[in-house]
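Data from final-v7.pdb: PDB, C-alpha atoms and all ligand atoms
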```pdb
ATOM      1  CA  MET A 114       4.278 -16.173 -11.781
ATOM      2  CA  GLY A 115       4.087 -18.948  -9.222
ATOM      3  CA  LEU A 116       1.247 -17.260  -7.357
ATOM      4  CA  ASN A 117      -1.391 -19.898  -7.900
ATOM      5  CA  ASP A 118      -3.049 -20.947  -4.642
ATOM      6  CA  ARG A 119      -0.740 -18.857  -2.469
ATOM      7  CA  PRO A 120      -2.454 -17.194   0.510
ATOM      8  CA  ALA A 121      -2.187 -13.411   0.176
ATOM      9  CA  LEU A 122      -3.364 -10.685   2.567
ATOM     10  CA  VAL A 123      -4.010  -7.209   1.219
ATOM     11  CA  ALA A 124      -4.761  -4.419   3.690
ATOM     12  CA  ALA A 125      -6.952  -1.367   3.057
ATOM     13  CA  ALA A 126      -8.314  -2.776  -0.168
ATOM     14  CA  SER A 127     -11.909  -1.615  -0.594
ATOM     15  CA  ARG A 128     -10.760   0.779  -3.335
ATOM     16  CA  GLY A 129      -7.734   2.470  -4.871
ATOM     17  CA  LEU A 130      -4.305   0.865  -4.819
ATOM     18  CA  GLY A 131      -5.165  -1.817  -2.255
ATOM     19  CA  PHE A 132      -8.120  -2.961  -4.334
ATOM     20  CA  ALA A 133      -5.952  -3.055  -7.480
ATOM     21  CA  CYS A 134      -3.327  -5.178  -5.666
ATOM     22  CA  ALA A 135      -5.955  -7.622  -4.419
ATOM     23  CA  LEU A 136      -7.425  -7.890  -7.923
ATOM     24  CA  ALA A 137      -4.017  -8.444  -9.560
ATOM     25  CA  LEU A 138      -3.126 -11.183  -7.062
ATOM     26  CA  ALA A 139      -6.522 -12.877  -7.445
ATOM     27  CA  ARG A 140      -6.095 -12.801 -11.242
ATOM     28  CA  GLU A 141      -2.854 -14.747 -10.795
ATOM     29  CA  GLY A 142      -4.677 -17.370  -8.772
ATOM     30  CA  ALA A 143      -3.683 -16.304  -5.235
ATOM     31  CA  ARG A 144      -6.149 -16.954  -2.402
ATOM     32  CA  VAL A 145      -6.806 -13.404  -1.248
ATOM     33  CA  ALA A 146      -8.078 -11.963   2.032
ATOM     34  CA  LEU A 147      -8.605  -8.208   2.135
ATOM     35  CA  CYS A 148      -9.696  -5.714   4.735
ATOM     36  CA  ALA A 149     -11.411  -2.361   4.987
ATOM     37  CA  ARG A 150     -12.671  -0.342   7.933
ATOM     38  CA  THR A 151     -16.269  -1.452   7.423
ATOM     39  CA  GLY A 152     -17.403  -4.986   6.813
ATOM     40  CA  GLN A 153     -19.725  -3.749   4.086
ATOM     41  CA  ALA A 154     -16.935  -2.072   2.073
ATOM     42  CA  ALA A 155     -14.730  -5.152   2.440
ATOM     43  CA  GLU A 156     -17.550  -7.498   1.340
ATOM     44  CA  GLU A 157     -18.362  -5.315  -1.639
ATOM     45  CA  ALA A 158     -14.708  -5.270  -2.803
ATOM     46  CA  ALA A 159     -14.406  -9.035  -2.315
ATOM     47  CA  ARG A 160     -17.586  -9.558  -4.352
ATOM     48  CA  ARG A 161     -16.297  -7.359  -7.199
ATOM     49  CA  ILE A 162     -12.974  -9.199  -7.339
ATOM     50  CA  GLY A 163     -14.756 -12.540  -7.107
ATOM     51  CA  SER A 164     -17.015 -11.717 -10.039
ATOM     52  CA  GLU A 165     -14.070 -10.548 -12.185
ATOM     53  CA  THR A 166     -11.755 -13.448 -11.408
ATOM     54  CA  GLY A 167     -14.034 -16.294 -10.391
ATOM     55  CA  SER A 168     -12.072 -16.719  -7.167
ATOM     56  CA  SER A 169     -13.433 -16.534  -3.665
ATOM     57  CA  VAL A 170     -11.999 -13.595  -1.713
ATOM     58  CA  ALA A 171     -12.224 -13.338   2.087
ATOM     59  CA  ALA A 172     -13.463  -9.985   3.425
ATOM     60  CA  ILE A 173     -12.453  -8.793   6.881
ATOM     61  CA  GLU A 174     -13.462  -5.676   8.798
ATOM     62  CA  ALA A 175     -10.346  -4.097  10.295
ATOM     63  CA  ASP A 176      -8.967  -0.635  10.931
ATOM     64  CA  VAL A 177      -5.230  -1.114  10.444
ATOM     65  CA  SER A 178      -4.396   2.096  12.297
ATOM     66  CA  THR A 179      -5.158   0.269  15.566
ATOM     67  CA  GLU A 180      -3.113  -2.515  17.113
ATOM     68  CA  GLU A 181      -6.037  -4.925  17.224
ATOM     69  CA  GLY A 182      -7.087  -3.975  13.664
ATOM     70  CA  ALA A 183      -3.653  -4.530  12.131
ATOM     71  CA  MET A 184      -2.826  -7.724  14.016
ATOM     72  CA  GLY A 185      -6.392  -9.014  13.890
ATOM     73  CA  PHE A 186      -6.508  -8.620  10.116
ATOM     74  CA  VAL A 187      -3.457 -10.834   9.647
ATOM     75  CA  ARG A 188      -4.618 -13.327  12.280
ATOM     76  CA  ASP A 189      -8.145 -13.651  10.869
ATOM     77  CA  GLY A 190      -7.070 -13.322   7.233
ATOM     78  CA  ALA A 191      -4.501 -16.104   7.595
ATOM     79  CA  GLU A 192      -7.144 -18.296   9.164
ATOM     80  CA  ARG A 193      -9.558 -17.651   6.289
ATOM     81  CA  VAL A 194      -7.061 -18.314   3.465
ATOM     82  CA  ASP A 195      -4.962 -20.874   5.311
ATOM     83  CA  GLY A 196      -1.722 -19.014   5.906
ATOM     84  CA  CYS A 197       0.040 -15.899   4.728
ATOM     85  CA  HIS A 198       2.734 -16.151   2.063
ATOM     86  CA  ILE A 199       2.172 -12.603   0.857
ATOM     87  CA  LEU A 200       1.409  -9.452   2.811
ATOM     88  CA  VAL A 201       0.576  -6.215   1.036
ATOM     89  CA  ALA A 202       0.914  -3.617   3.788
ATOM     90  CA  ASN A 203      -1.270  -0.711   2.762
ATOM     91  CA  ALA A 204      -3.380   1.914   4.553
ATOM     92  CA  GLY A 205      -5.041   5.221   3.813
ATOM     93  CA  GLY A 206      -2.974   8.395   3.665
ATOM     94  CA  PRO A 207      -2.730  10.952   6.500
ATOM     95  CA  LYS A 208      -4.145  14.468   6.203
ATOM     96  CA  PRO A 209      -2.161  17.061   4.266
ATOM     97  CA  GLY A 210      -0.485  20.052   5.900
ATOM     98  CA  ARG A 211       2.768  21.802   6.697
ATOM     99  CA  ALA A 212       5.391  20.318   9.033
ATOM    100  CA  GLN A 213       5.307  23.366  11.312
ATOM    101  CA  ASP A 214       1.534  23.206  11.824
ATOM    102  CA  MET A 215       1.062  19.617  12.989
ATOM    103  CA  SER A 216       0.159  18.761  16.589
ATOM    104  CA  ASP A 217       1.463  15.791  18.573
ATOM    105  CA  ASP A 218      -1.879  14.094  18.013
ATOM    106  CA  ASP A 219      -1.504  14.543  14.245
ATOM    107  CA  TRP A 220       1.975  12.980  14.303
ATOM    108  CA  ARG A 221       0.789  10.121  16.503
ATOM    109  CA  ALA A 222      -2.158   9.387  14.204
ATOM    110  CA  ALA A 223       0.075   9.352  11.111
ATOM    111  CA  ILE A 224       2.595   7.056  12.778
ATOM    112  CA  GLU A 225      -0.193   4.660  13.813
ATOM    113  CA  LEU A 226      -1.705   4.708  10.310
ATOM    114  CA  ASN A 227       1.362   4.511   8.094
ATOM    115  CA  PHE A 228       4.184   3.154  10.256
ATOM    116  CA  LEU A 229       2.883   1.026  13.123
ATOM    117  CA  SER A 230       0.251  -0.593  10.889
ATOM    118  CA  THR A 231       3.070  -2.021   8.762
ATOM    119  CA  VAL A 232       5.180  -3.071  11.749
ATOM    120  CA  ARG A 233       2.242  -4.822  13.392
ATOM    121  CA  MET A 234       0.997  -6.615  10.287
ATOM    122  CA  VAL A 235       4.511  -7.789   9.450
ATOM    123  CA  ARG A 236       5.095  -9.053  12.990
ATOM    124  CA  GLU A 237       1.960 -11.162  12.801
ATOM    125  CA  ALA A 238       2.697 -12.386   9.248
ATOM    126  CA  LEU A 239       6.337 -13.475   9.693
ATOM    127  CA  PRO A 240       5.655 -16.763  11.567
ATOM    128  CA  HIS A 241       3.345 -17.874   8.727
ATOM    129  CA  MET A 242       5.982 -17.007   6.125
ATOM    130  CA  ARG A 243       8.754 -18.771   8.050
ATOM    131  CA  ARG A 244       6.619 -21.893   8.335
ATOM    132  CA  ALA A 245       5.954 -21.818   4.599
ATOM    133  CA  GLY A 246       9.587 -21.089   3.671
ATOM    134  CA  TYR A 247       8.158 -18.424   1.367
ATOM    135  CA  GLY A 248       7.411 -14.844   2.213
ATOM    136  CA  ARG A 249       6.776 -11.656   0.331
ATOM    137  CA  VAL A 250       6.231  -8.419   2.221
ATOM    138  CA  VAL A 251       5.263  -5.627  -0.140
ATOM    139  CA  ALA A 252       4.512  -2.253   1.423
ATOM    140  CA  ILE A 253       2.797   0.594  -0.397
ATOM    141  CA  THR A 254       4.604   3.773   0.596
ATOM    142  CA  SER A 255       5.089   6.816  -1.635
ATOM    143  CA  SER A 256       7.502   8.566  -3.979
ATOM    144  CA  SER A 257       7.838  10.970  -1.027
ATOM    145  CA  VAL A 258      10.375   8.631   0.598
ATOM    146  CA  LYS A 259      12.831   9.651  -2.113
ATOM    147  CA  GLU A 260      11.637  13.221  -2.571
ATOM    148  CA  PRO A 261       9.407  14.652   0.197
ATOM    149  CA  ILE A 262       6.251  16.285  -1.153
ATOM    150  CA  PRO A 263       5.432  19.850  -0.029
ATOM    151  CA  ASN A 264       2.423  20.109   2.287
ATOM    152  CA  LEU A 265       2.376  16.348   3.002
ATOM    153  CA  ALA A 266       4.550  16.526   6.127
ATOM    154  CA  LEU A 267       2.844  13.690   8.003
ATOM    155  CA  SER A 268       3.097  11.323   5.078
ATOM    156  CA  ASN A 269       6.718  12.277   4.322
ATOM    157  CA  ALA A 270       7.841  11.597   7.884
ATOM    158  CA  ALA A 271       5.790   8.465   8.648
ATOM    159  CA  ARG A 272       6.835   6.784   5.400
ATOM    160  CA  ALA A 273      10.484   7.586   6.016
ATOM    161  CA  ALA A 274      10.164   5.640   9.278
ATOM    162  CA  THR A 275       8.468   2.776   7.444
ATOM    163  CA  THR A 276      11.285   2.695   4.905
ATOM    164  CA  GLY A 277      13.887   2.443   7.665
ATOM    165  CA  PHE A 278      11.923  -0.447   9.160
ATOM    166  CA  LEU A 279      11.612  -2.286   5.841
ATOM    167  CA  LYS A 280      15.282  -1.906   4.884
ATOM    168  CA  THR A 281      16.361  -3.210   8.298
ATOM    169  CA  LEU A 282      13.876  -6.085   8.162
ATOM    170  CA  ALA A 283      14.977  -7.167   4.676
ATOM    171  CA  ARG A 284      18.442  -8.022   6.043
ATOM    172  CA  GLU A 285      16.991  -9.890   9.017
ATOM    173  CA  VAL A 286      14.614 -12.258   7.219
ATOM    174  CA  GLY A 287      16.352 -12.959   3.905
ATOM    175  CA  GLU A 288      17.698 -16.287   5.110
ATOM    176  CA  ASP A 289      14.147 -17.448   5.836
ATOM    177  CA  GLY A 290      13.179 -17.056   2.178
ATOM    178  CA  ILE A 291      11.300 -13.830   2.893
ATOM    179  CA  THR A 292      11.727 -10.772   0.711
ATOM    180  CA  VAL A 293      10.761  -7.261   1.797
ATOM    181  CA  ASN A 294      10.115  -4.547  -0.754
ATOM    182  CA  ALA A 295       8.091  -1.391  -1.160
ATOM    183  CA  VAL A 296       6.281   0.143  -4.080
ATOM    184  CA  LEU A 297       6.464   3.933  -4.236
ATOM    185  CA  PRO A 298       3.481   5.287  -6.173
ATOM    186  CA  GLY A 299       3.879   8.668  -7.796
ATOM    187  CA  ARG A 300       0.524  10.111  -8.900
ATOM    188  CA  ILE A 301      -2.022   7.373  -9.446
ATOM    189  CA  LEU A 302      -5.628   8.163 -10.251
ATOM    190  CA  THR A 303      -7.497   7.016  -7.134
ATOM    191  CA  ASP A 304     -10.083   8.670  -4.875
ATOM    192  CA  ARG A 305      -7.263  10.109  -2.757
ATOM    193  CA  ILE A 306      -5.723  11.949  -5.707
ATOM    194  CA  CYS A 307      -9.182  13.174  -6.790
ATOM    195  CA  GLN A 308      -9.904  14.453  -3.261
ATOM    196  CA  MET A 309      -6.622  16.358  -3.220
ATOM    197  CA  ALA A 310      -7.352  17.772  -6.676
ATOM    198  CA  ARG A 311     -10.791  18.914  -5.459
ATOM    199  CA  ALA A 312      -9.184  20.663  -2.474
ATOM    200  CA  ARG A 313      -6.675  22.417  -4.763
ATOM    201  CA  ALA A 314      -9.398  23.294  -7.268
ATOM    202  CA  GLY A 315     -11.347  25.022  -4.485
ATOM    203  CA  SER A 316      -8.416  27.099  -3.298
ATOM    204  CA  GLU A 317      -6.962  27.984  -6.731
ATOM    205  CA  GLU A 318     -10.140  28.578  -8.764
ATOM    206  CA  LEU A 319      -9.610  25.613 -11.085
ATOM    207  CA  THR A 320     -11.957  22.803 -12.043
ATOM    208  CA  GLU A 321     -11.154  19.358 -10.618
ATOM    209  CA  ASP A 322     -10.186  18.171 -14.120
ATOM    210  CA  GLU A 323      -7.793  21.096 -14.523
ATOM    211  CA  ALA A 324      -6.229  20.372 -11.146
ATOM    212  CA  LEU A 325      -5.795  16.697 -12.130
ATOM    213  CA  ALA A 326      -4.341  17.628 -15.520
ATOM    214  CA  GLN A 327      -1.780  19.858 -13.793
ATOM    215  CA  GLN A 328      -0.662  16.852 -11.743
ATOM    216  CA  ALA A 329       0.285  15.060 -14.948
ATOM    217  CA  VAL A 330       2.245  17.922 -16.531
ATOM    218  CA  ASP A 331       5.663  17.000 -15.135
ATOM    219  CA  VAL A 332       5.209  13.228 -15.434
ATOM    220  CA  PRO A 333       7.487  12.062 -18.285
ATOM    221  CA  LEU A 334       4.898   9.512 -19.447
ATOM    222  CA  GLY A 335       2.451  12.406 -19.746
ATOM    223  CA  ARG A 336      -0.413  11.064 -17.647
ATOM    224  CA  LEU A 337      -1.436   9.950 -14.188
ATOM    225  CA  GLY A 338      -0.970   6.271 -13.400
ATOM    226  CA  ARG A 339      -3.767   3.728 -13.262
ATOM    227  CA  PRO A 340      -4.259   1.703 -10.048
ATOM    228  CA  GLU A 341      -3.865  -1.568 -11.967
ATOM    229  CA  GLU A 342      -0.385  -0.452 -13.037
ATOM    230  CA  VAL A 343       0.587  -0.467  -9.369
ATOM    231  CA  GLY A 344      -1.306  -3.725  -8.744
ATOM    232  CA  ASP A 345       0.650  -5.514 -11.483
ATOM    233  CA  VAL A 346       4.017  -4.437 -10.056
ATOM    234  CA  VAL A 347       2.956  -5.578  -6.589
ATOM    235  CA  ALA A 348       1.862  -8.946  -7.991
ATOM    236  CA  PHE A 349       5.280  -9.334  -9.606
ATOM    237  CA  LEU A 350       7.099  -8.492  -6.361
ATOM    238  CA  ALA A 351       4.900 -11.046  -4.576
ATOM    239  CA  SER A 352       5.657 -13.727  -7.129
ATOM    240  CA  ALA A 353       8.202 -16.532  -7.272
ATOM    241  CA  ARG A 354       9.758 -14.694 -10.238
ATOM    242  CA  ALA A 355      10.931 -11.879  -7.954
ATOM    243  CA  ALA A 356      12.889 -14.218  -5.670
ATOM    244  CA  TYR A 357      16.164 -12.245  -5.798
ATOM    245  CA  LEU A 358      14.685  -8.804  -5.176
ATOM    246  CA  THR A 359      14.707  -7.582  -1.611
ATOM    247  CA  GLY A 360      15.174  -4.277   0.188
ATOM    248  CA  CYS A 361      14.053  -2.607  -3.011
ATOM    249  CA  MET A 362      12.130   0.683  -2.972
ATOM    250  CA  LEU A 363      10.545   0.620  -6.399
ATOM    251  CA  SER A 364       9.042   3.816  -7.832
ATOM    252  CA  VAL A 365       5.939   3.349  -9.972
ATOM    253  CA  ASP A 366       5.589   6.941 -11.067
ATOM    254  CA  GLY A 367       5.782   7.272 -14.836
ATOM    255  CA  GLY A 368       9.322   8.634 -14.431
ATOM    256  CA  LEU A 369       8.287  11.486 -12.103
ATOM    257  CA  LEU A 370      11.246  11.337  -9.678
ATOM    258  CA  ARG A 371      14.427  12.974 -10.888
ATOM    259  CA  SER A 372      16.754  11.320  -8.369
ATOM    260  CA  LEU A 373      19.350   8.794  -9.582
ATOM    261  CA  PHE A 374      18.252   6.079  -7.098
TER     262      PHE A 374
HETATM  263  P1  LIG A 401      -7.583   5.766  -1.358
HETATM  264  O1  LIG A 401      -7.962   6.795  -0.356
HETATM  265  O2  LIG A 401      -8.122   5.828  -2.724
HETATM  266  O3  LIG A 401      -7.892   4.301  -0.786
HETATM  267  C1  LIG A 401      -7.478   3.965   0.513
HETATM  268  C2  LIG A 401      -8.109   2.648   0.919
HETATM  269  O4  LIG A 401      -7.684   2.362   2.237
HETATM  270  C3  LIG A 401      -9.622   2.672   0.963
HETATM  271  O5  LIG A 401     -10.091   1.411   0.575
HETATM  272  C4  LIG A 401      -9.926   2.939   2.443
HETATM  273  O6  LIG A 401     -11.172   2.473   2.841
HETATM  274  C5  LIG A 401      -8.801   2.139   3.078
HETATM  275  N1  LIG A 401      -8.412   2.592   4.406
HETATM  276  C6  LIG A 401      -8.083   3.863   4.764
HETATM  277  N2  LIG A 401      -7.715   3.891   6.054
HETATM  278  C7  LIG A 401      -7.807   2.618   6.520
HETATM  279  C8  LIG A 401      -7.585   2.003   7.775
HETATM  280  N3  LIG A 401      -7.182   2.725   8.822
HETATM  281  N4  LIG A 401      -7.788   0.676   7.914
HETATM  282  C9  LIG A 401      -8.214  -0.063   6.863
HETATM  283  N5  LIG A 401      -8.447   0.463   5.636
HETATM  284  C10 LIG A 401      -8.248   1.788   5.474
HETATM  285  O7  LIG A 401      -5.969   5.813  -1.370
HETATM  286  P2  LIG A 401      -4.956   5.225  -2.456
HETATM  287  O8  LIG A 401      -4.684   6.277  -3.459
HETATM  288  O9  LIG A 401      -5.377   3.877  -2.868
HETATM  289  O10 LIG A 401      -3.628   5.156  -1.569
HETATM  290  C11 LIG A 401      -3.227   4.011  -0.833
HETATM  291  C12 LIG A 401      -1.962   4.422  -0.089
HETATM  292  O11 LIG A 401      -0.954   4.821  -1.028
HETATM  293  C13 LIG A 401      -2.190   5.624   0.821
HETATM  294  O12 LIG A 401      -1.409   5.477   1.983
HETATM  295  C14 LIG A 401      -1.694   6.780  -0.018
HETATM  296  O13 LIG A 401      -1.308   7.884   0.747
HETATM  297  C15 LIG A 401      -0.523   6.125  -0.734
HETATM  298  N6  LIG A 401      -0.135   6.827  -1.956
HETATM  299  C16 LIG A 401      -1.017   6.995  -2.955
HETATM  300  C17 LIG A 401      -0.618   7.695  -4.099
HETATM  301  C18 LIG A 401      -1.546   7.900  -5.262
HETATM  302  O14 LIG A 401      -1.130   8.520  -6.238
HETATM  303  N7  LIG A 401      -2.768   7.415  -5.239
HETATM  304  C19 LIG A 401       0.662   8.214  -4.180
HETATM  305  C20 LIG A 401       1.548   8.020  -3.125
HETATM  306  C21 LIG A 401       1.127   7.317  -2.005
END
```

Show me, as structure tokens, the structure contained in the file I just sent.
Amino acid sequence: MGLNDRPALVAAASRGLGFACALALAREGARVALCARTGQAAEEAARRIGSETGSSVAAIEADVSTEEGAMGFVRDGAERVDGCHILVANAGGPKPGRAQDMSDDDWRAAIELNFLSTVRMVREALPHMRRAGYGRVVAITSSSVKEPIPNLALSNAARAATTGFLKTLAREVGEDGITVNAVLPGRILTDRICQMARARAGSEELTEDEALAQQAVDVPLGRLGRPEEVGDVVAFLASARAAYLTGCMLSVDGGLLRSLF
């Protein structure tokens, strides 16, 4: 895929989708730096990827919801892996809840976590990509940017802002050899989905397994996704093979969304 030896930074990667992206890129030979909010979680993830792939992965402690965390991750990560050709802009998800119930502080926190983190990491990564004449920005957003999800108001709104940013950016940096795309996960079996299933199980008198099974009922492929199925798509978008794809919001959802585009 033309990923061998390319420096790649993957944010929020101690588990879940970020971890799967870091693993997929390392499997293709990329030199990966990842971050998590604690140094211990980042080190542990880097060790696991290293033992599966034989590559050395740089671990960085950074909270990407802060300015210093987001920019510092790219600055330090690029130093550790000698540049940044690939940025996977990922973060945790904001708390659930209805649009009408959220406070200003809730909105601000979601914007910092899911919008400004991407803006800040990209800003710091672009000079490296321009210098290299190769750049791949891949953001992890959500199927909610095409079809907002009930009771996830913060996520729906913050990711819509991120999508506007990415689509605008894609037109600005194309001539520098930089592509900008997003992957829109549907329902992928990670800790976040399990946590949400546990919360639903508690309020609806179901077991966690029943709540998870219900999530898969309207997925045409008949099951929840696996994190590595997102990681593989991200690795493709980051690769030389995806050179003519930009501004693309790619659903990885087992066919869940009904919209035409
Ligand atoms: P997860 O909770 O399983 O993992 C999130 C990872 O991000 C963890 O490693 C956590 O330590 C790290 N993290 C959280 N906040 C961070 C911060 N501020 N700074 C640095 N690291 C941080 O979540 P996931 O399922 O892997 O989801 C990743 C993203 O994709 C989230 O934004 C989520 O909302 C979104 N998403 C997930 C799904 C899904 O089905 N899993 C669907 C749509 C969108």

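Rounded to one decimal, atom CA of A:Met362 and atom CA of A:Ala295 lie 4.9 Å from each other.
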
Check which residues of stretch 173-204 of chain A sit at most 12 Å from stretch 340-352 of chain A using only C-alpha atoms, and return one row each with the closest pair of atoms and their distance in Å to one decimal, ordered by chain and rising number, as a tab-separated table.
```
residue	atom	partner	partner_atom	distance
A:Cys197	CA	A:Ala351	CA	11.6
A:His198	CA	A:Ala351	CA	8.7
A:Ile199	CA	A:Ala351	CA	6.3
A:Leu200	CA	A:Ala351	CA	8.3
A:Val201	CA	A:Val347	CA	8.0
A:Ala202	CA	A:Val347	CA	10.8
A:Asn203	CA	A:Val347	CA	11.4
```

If you apply the PyMOL selection byres (((chain A and resi 213-218) around 12) and not hetatm) to this file, what residues do you get, as a list in words? Pro207, Lys208, Pro209, Gly210, Arg211, Ala212, Asp219, Trp220, Arg221, Ala222, Ala223, Ile224, Glu225, Pro263, Asn264, Leu265, Ala266, Leu267, Ser268 and Ala270 of chain A

Axis-aligned box over every listed atom of ligand LIG 401 (chain A), padded by 5 Å per side: centre and edges in Å to one decimal, as JSON?
```
{"center_x": -4.8, "center_y": 4.2, "center_z": 1.3, "size_x": 22.7, "size_y": 18.6, "size_z": 25.1}
```

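You can rank A:Ala146, A:Ala154, A:Ala191, A:Ala204 by their closest distance to A:Ala171 using only C-alpha atoms, and at the top of that list sits A:Ala146.
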
Near A:Gly290, within 8 Å and counting all atoms listed in the file, which residues show up once chain neighbours fewer than 4 positions away are dropped, as a PDB file with C-alpha atoms, keeping the file's coordinate frame?
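Below is the file that was written, around.pdb:
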```pdb
ATOM      1  CA  ARG A 243       8.754 -18.771   8.050  1.00  0.00           C
ATOM      2  CA  GLY A 246       9.587 -21.089   3.671  1.00  0.00           C
ATOM      3  CA  TYR A 247       8.158 -18.424   1.367  1.00  0.00           C
ATOM      4  CA  GLY A 248       7.411 -14.844   2.213  1.00  0.00           C
ATOM      5  CA  VAL A 286      14.614 -12.258   7.219  1.00  0.00           C
TER       6      VAL A 286
END
```

Residues in the PyMOL selection byres (((chain A and resi 303) around 10) and not hetatm), expressed as a VMD selection string: chain A and resid 128 to 130 300 to 302 304 to 308 337 to 340

Under the PyMOL selection byres (((chain A and resi 188) around 12) and not hetatm), which residues of this model are included? Write them out as a compact mmCIF listing (two decimals) with C-alpha atoms, in the coordinates of the input.
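File written: expr03.txt
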```
# COMPACT_ATOMS: atom_id res chain seq x y z
CA LEU A 122 -3.36 -10.68 2.57
CA ALA A 146 -8.08 -11.96 2.03
CA CYS A 148 -9.70 -5.71 4.74
CA ILE A 173 -12.45 -8.79 6.88
CA ALA A 175 -10.35 -4.10 10.30
CA GLU A 180 -3.11 -2.52 17.11
CA GLU A 181 -6.04 -4.92 17.22
CA GLY A 182 -7.09 -3.98 13.66
CA ALA A 183 -3.65 -4.53 12.13
CA MET A 184 -2.83 -7.72 14.02
CA GLY A 185 -6.39 -9.01 13.89
CA PHE A 186 -6.51 -8.62 10.12
CA VAL A 187 -3.46 -10.83 9.65
CA ASP A 189 -8.14 -13.65 10.87
CA GLY A 190 -7.07 -13.32 7.23
CA ALA A 191 -4.50 -16.10 7.60
CA GLU A 192 -7.14 -18.30 9.16
CA ARG A 193 -9.56 -17.65 6.29
CA VAL A 194 -7.06 -18.31 3.46
CA ASP A 195 -4.96 -20.87 5.31
CA GLY A 196 -1.72 -19.01 5.91
CA CYS A 197 0.04 -15.90 4.73
CA LEU A 200 1.41 -9.45 2.81
CA ARG A 233 2.24 -4.82 13.39
CA MET A 234 1.00 -6.62 10.29
CA VAL A 235 4.51 -7.79 9.45
CA ARG A 236 5.10 -9.05 12.99
CA GLU A 237 1.96 -11.16 12.80
CA ALA A 238 2.70 -12.39 9.25
CA LEU A 239 6.34 -13.48 9.69
CA PRO A 240 5.66 -16.76 11.57
CA HIS A 241 3.34 -17.87 8.73
```

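The spacing separating atom C18 of ligand LIG 401 (chain A) from atom CA of A:Gly167 amounts to 27.7 Å.
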
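For the residues A:Ala172, A:Ala324, A:Leu116, A:Leu226, ranking by smallest atom-to-atom distance to ligand LIG 401 (chain A) using only C-alpha atoms and all ligand atoms places A:Leu226 first.
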
What's the 9 Å shell around A:Asn294, counting all atoms listed in the file, without same-chain residues fewer than 6 positions away, as a ChimeraX atom specification? /A:249-253,279-280,283,350,358-363

Emit the selected residues as a short mmCIF file (atom, residue, chain, number, x, y, z; two decimals), in the coordinates of the input, including C-alpha atoms.
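The new file result05.cif reads:
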```
data_model
loop_
_atom_site.label_atom_id
_atom_site.label_comp_id
_atom_site.auth_asym_id
_atom_site.auth_seq_id
_atom_site.Cartn_x
_atom_site.Cartn_y
_atom_site.Cartn_z
CA ARG A 249 6.78 -11.66 0.33
CA VAL A 250 6.23 -8.42 2.22
CA VAL A 251 5.26 -5.63 -0.14
CA ALA A 252 4.51 -2.25 1.42
CA ILE A 253 2.80 0.59 -0.40
CA LEU A 279 11.61 -2.29 5.84
CA LYS A 280 15.28 -1.91 4.88
CA ALA A 283 14.98 -7.17 4.68
CA LEU A 350 7.10 -8.49 -6.36
CA LEU A 358 14.68 -8.80 -5.18
CA THR A 359 14.71 -7.58 -1.61
CA GLY A 360 15.17 -4.28 0.19
CA CYS A 361 14.05 -2.61 -3.01
CA MET A 362 12.13 0.68 -2.97
CA LEU A 363 10.54 0.62 -6.40
#
```

Of the residues A:Leu334, A:Ala143, A:Met114, A:Ile262, which is the one nearest to ligand LIG 401 (chain A), using all atoms listed in the file? A:Ile262

Go through A:Leu370, A:Ala125, A:Ala314, A:Cys134 and flag the residue nearest A:Glu260, using all atoms listed in the file for the distances. A:Leu370

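Distance annotation: of A:Ser257, A:Ser316, A:Ser164, A:Gln153, the residue with the minimal separation from ligand LIG 401 (chain A) is A:Ser257; atom set is all atoms listed in the file.
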
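If you count all atoms listed in the file and ignore residues fewer than 2 places along the chain from A:Leu369, what sits within 7 Å of it is Gly299, Asp331, Val332, Pro333, Asp366, Gly367 and Arg371 of chain A.
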
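Distance check against ligand LIG 401 (chain A) using all atoms listed in the file: of A:Ala137, A:Val145, A:Met309, A:Met242, the minimum falls on A:Met309.
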
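Take atom CA of A:Phe374 and atom CA of A:Thr276: the distance between them is 14.3 Å.
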
Near-A:Leu297 list (6 Å; only C-alpha atoms; drop same-chain fewer than 2 positions) as a PDB file with C-alpha atoms, keeping the file's coordinate frame:
```pdb
ATOM      1  CA  THR A 254       4.604   3.773   0.596  1.00  0.00           C
ATOM      2  CA  SER A 255       5.089   6.816  -1.635  1.00  0.00           C
ATOM      3  CA  SER A 256       7.502   8.566  -3.979  1.00  0.00           C
ATOM      4  CA  LEU A 363      10.545   0.620  -6.399  1.00  0.00           C
ATOM      5  CA  SER A 364       9.042   3.816  -7.832  1.00  0.00           C
ATOM      6  CA  VAL A 365       5.939   3.349  -9.972  1.00  0.00           C
TER       7      VAL A 365
END
```

Write out as a PyMOL selection string which residues come within 8 Å of A:Ala126 when counting all atoms listed in the file, dropping same-chain ones fewer than 5 positions away. chain A and resi 131-135+147-149+155+158+203
